[in-house]
Amino acid sequence: MVYEFYIFNNVGNCLFYLNLRGTTPEKNPQDKQKLIFGMMHTMKSMCRKFSPQPISVSPFTSYVTDAYKLHILETSSGLNFVMFTHPDMMDQTHSLKWIYSTIYCTFVIRNPFYEPKKPITSVVFKQKLEEYLLTLAR
Amino acid sequence: MARQPRQAETVWNQSEKVNAELFAFTYGALVVKLIKELESLTKVNETLEQMGYNIGVRLIDDFLSKNDVNCEELKDTADAIAKHGFKVYLGITCDVVMGDDQKEFSLIMTDNPMTEYVEMREGYGELCYCNIICGVIRGALQMLKYESKVSIVRDTLKNDDCTEIKVTILSRKVDEYEPDEGA
């Protein structure tokens, strides 16, 4: 059960936000987005610093609390795909990779009218992503 | 490293193909139209490079999502471009020649599907027909935070024995995320 989905770029701009919870939308989603990005950035750099061997690819993929599980995929091009799900959900790295390679690449990257680093406004992308996320039961 | 050429071959086989003649005709028509519309061949080269740059900044995500490459040093990056990048998008592979100072490398192409039917005219010596490829490489490296300079130093269309694309890494810039102090 996926609650929310975000796409950030490497400087912290939120390029895309999708809420699947069905609750009323927040008045100021930007504050929450900044918080999420800041926390993610800190976690990634902490993981990197504590690692016994030097690593270039971020090892931080998820964390779980009582209320939710946060999954993240960071690409070499600086994109961060963040997903909030039910705490019992299994590791979703494979589905984030699928979203990146199939849904994001097909409906965002290949659209010549999409400008990189700007928010994603494609209706088809949102629709296909929503369809896919609803199929992620466990 | 041995599994990587096979991986590139698999991705190439799985991707949708387009007719090579259509591709060559479309690109050729584009270059000729640019030559007719712009005043100088230098401007044509710049426009082709800029178009390639716009392609490169998008192509890098498509490439990274389908190819699992992990580059620890410049030689790995050069191999990834030559063996994976060119294979997956143009169906050819290139040879890599590393520069002396580890900040540059050259990609040597012996055959190029874009220039198969092209014969360069007299007076067009300044034109870099494949400059779009230079732009693509520069755009892709830009998204990986490398500032680079990419140019064609030898060209089969100008009676050289191969097409050589030289890539020089100028700098690595890391966008620093600045957290808001007051939030």
# chains A, B, ... in the order shown; residues from 1 in each chain; ligands from 1
>>> residues_around(residues="Glu119 of chain B", least_positions_apart="2", cutoff="12 Å", atoms="only C-alpha atoms", output="list in words")
Gly28, Met114, Thr115, Glu116, Tyr117, Arg121, Glu122, Tyr124, Gly125, Tyr129, Asp155, Thr156, Leu157, Lys158 and Asn159 of chain B
>>> write_last_selection(atoms="N, CA and C atoms", output="PDB file, in the first residue's frame")
ATOM      1  N   GLY B  28      20.446  13.741 -42.259  1.00  0.00           N
ATOM      2  CA  GLY B  28      21.017  14.454 -43.406  1.00  0.00           C
ATOM      3  C   GLY B  28      20.166  15.660 -43.797  1.00  0.00           C
ATOM      4  N   MET B 114      25.440   7.194 -39.327  1.00  0.00           N
ATOM      5  CA  MET B 114      24.928   8.504 -39.737  1.00  0.00           C
ATOM      6  C   MET B 114      25.568   8.991 -41.026  1.00  0.00           C
ATOM      7  N   THR B 115      26.804   8.539 -41.292  1.00  0.00           N
ATOM      8  CA  THR B 115      27.519   9.104 -42.444  1.00  0.00           C
ATOM      9  C   THR B 115      27.672   8.099 -43.572  1.00  0.00           C
ATOM     10  N   GLU B 116      26.872   7.022 -43.528  1.00  0.00           N
ATOM     11  CA  GLU B 116      27.057   5.956 -44.512  1.00  0.00           C
ATOM     12  C   GLU B 116      26.887   6.412 -45.952  1.00  0.00           C
ATOM     13  N   TYR B 117      25.939   7.297 -46.189  1.00  0.00           N
ATOM     14  CA  TYR B 117      25.651   7.704 -47.572  1.00  0.00           C
ATOM     15  C   TYR B 117      26.156   9.093 -47.888  1.00  0.00           C
ATOM     16  N   ARG B 121      31.037  17.809 -49.588  1.00  0.00           N
ATOM     17  CA  ARG B 121      31.242  18.680 -50.749  1.00  0.00           C
ATOM     18  C   ARG B 121      32.482  19.534 -50.584  1.00  0.00           C
ATOM     19  N   GLU B 122      32.970  20.065 -51.725  1.00  0.00           N
ATOM     20  CA  GLU B 122      34.084  21.022 -51.693  1.00  0.00           C
ATOM     21  C   GLU B 122      33.627  22.272 -50.954  1.00  0.00           C
ATOM     22  N   TYR B 124      33.198  22.607 -47.757  1.00  0.00           N
ATOM     23  CA  TYR B 124      32.525  22.342 -46.484  1.00  0.00           C
ATOM     24  C   TYR B 124      33.503  21.750 -45.466  1.00  0.00           C
ATOM     25  N   GLY B 125      34.755  22.101 -45.625  1.00  0.00           N
ATOM     26  CA  GLY B 125      35.768  21.535 -44.743  1.00  0.00           C
ATOM     27  C   GLY B 125      35.563  21.839 -43.279  1.00  0.00           C
ATOM     28  N   TYR B 129      30.072  17.124 -39.436  1.00  0.00           N
ATOM     29  CA  TYR B 129      28.766  16.512 -39.709  1.00  0.00           C
ATOM     30  C   TYR B 129      28.177  15.820 -38.485  1.00  0.00           C
ATOM     31  N   ASP B 155      37.972  12.885 -39.033  1.00  0.00           N
ATOM     32  CA  ASP B 155      36.650  12.613 -39.597  1.00  0.00           C
ATOM     33  C   ASP B 155      36.801  11.819 -40.885  1.00  0.00           C
ATOM     34  N   THR B 156      36.082  10.698 -41.012  1.00  0.00           N
ATOM     35  CA  THR B 156      36.181   9.895 -42.240  1.00  0.00           C
ATOM     36  C   THR B 156      35.653  10.676 -43.440  1.00  0.00           C
ATOM     37  N   LEU B 157      34.748  11.644 -43.172  1.00  0.00           N
ATOM     38  CA  LEU B 157      34.214  12.430 -44.275  1.00  0.00           C
ATOM     39  C   LEU B 157      35.255  13.400 -44.830  1.00  0.00           C
ATOM     40  N   LYS B 158      36.327  13.590 -44.084  1.00  0.00           N
ATOM     41  CA  LYS B 158      37.399  14.479 -44.565  1.00  0.00           C
ATOM     42  C   LYS B 158      38.635  13.662 -44.909  1.00  0.00           C
ATOM     43  N   ASN B 159      38.402  12.450 -45.349  1.00  0.00           N
ATOM     44  CA  ASN B 159      39.462  11.550 -45.818  1.00  0.00           C
ATOM     45  C   ASN B 159      40.443  11.100 -44.753  1.00  0.00           C
TER      46      ASN B 159
END
>>> residues_around(residues="Glu147 of chain B", least_positions_apart="6", cutoff="12 Å", atoms="only C-alpha atoms", output="count of residues only")
15
>>> atom_distance(atom1="atom CA of Leu18 of chain A", atom2="atom CA of Pro59 of chain A")
24.9 Å
>>> closest_atom_pairs(of="chain A", to="chain B", cutoff="10 Å", atoms="only C-alpha atoms", output="CSV")
residue,atom,partner,partner_atom,distance
A:Asn10,CA,B:Asp175,CA,7.3
A:Val11,CA,B:Tyr177,CA,5.0
A:Gly12,CA,B:Tyr177,CA,6.6
A:Asn13,CA,B:Tyr177,CA,9.8
A:Asp31,CA,B:Ala183,CA,8.0
A:Lys34,CA,B:Pro179,CA,8.5
A:Leu35,CA,B:Ala183,CA,8.5
A:Phe37,CA,B:Pro179,CA,9.3
A:Gly38,CA,B:Pro179,CA,6.7
A:His41,CA,B:Tyr177,CA,8.3
A:Ile55,CA,B:Glu72,CA,9.8
A:Ser56,CA,B:Glu72,CA,8.3
A:Val57,CA,B:Asn70,CA,8.7
A:Thr75,CA,B:Leu64,CA,7.8
A:Ser76,CA,B:Leu144,CA,6.6
A:Ser77,CA,B:Leu144,CA,5.3
A:Gly78,CA,B:Leu144,CA,7.5
A:Leu79,CA,B:Asp61,CA,9.0
A:Lys97,CA,B:Ser65,CA,7.2
A:Trp98,CA,B:Ser65,CA,8.5
A:Ile99,CA,B:Ser65,CA,9.5
A:Tyr100,CA,B:Ser65,CA,6.4
A:Ser101,CA,B:Ser65,CA,4.7
A:Thr102,CA,B:Ser65,CA,8.3
A:Tyr104,CA,B:Asp62,CA,8.9
A:Cys105,CA,B:Asp62,CA,5.7
A:Thr106,CA,B:Asp62,CA,8.5
A:Val108,CA,B:Arg58,CA,9.1
A:Ile109,CA,B:Arg58,CA,5.6
A:Arg110,CA,B:Arg58,CA,7.5
A:Asn111,CA,B:Arg58,CA,9.4
A:Pro112,CA,B:Ile55,CA,8.8
A:Tyr114,CA,B:Arg58,CA,9.3
A:Glu115,CA,B:Arg58,CA,9.0
A:Pro116,CA,B:Arg58,CA,7.3
>>> atom_distance(atom1="atom CA of Gln127 of chain A", atom2="atom CA of Pro87 of chain A")
24.7 Å
>>> closest_residue(among="A:Asn19, A:Thr85, A:Ser95, A:Thr121", to="Phe107 of chain A", atoms="only C-alpha atoms")
A:Thr121
>>> closest_residue(among="B:Cys162, B:Val18, B:Val97, B:Leu30", to="Val44 of chain B", atoms="only C-alpha atoms")
B:Leu30
>>> residues_around(residues="His71 of chain A", least_positions_apart="6", cutoff="10 Å", atoms="only C-alpha atoms", output="VMD selection string")
chain A and resid 5 60 to 64 81 to 85 89 to 93 96
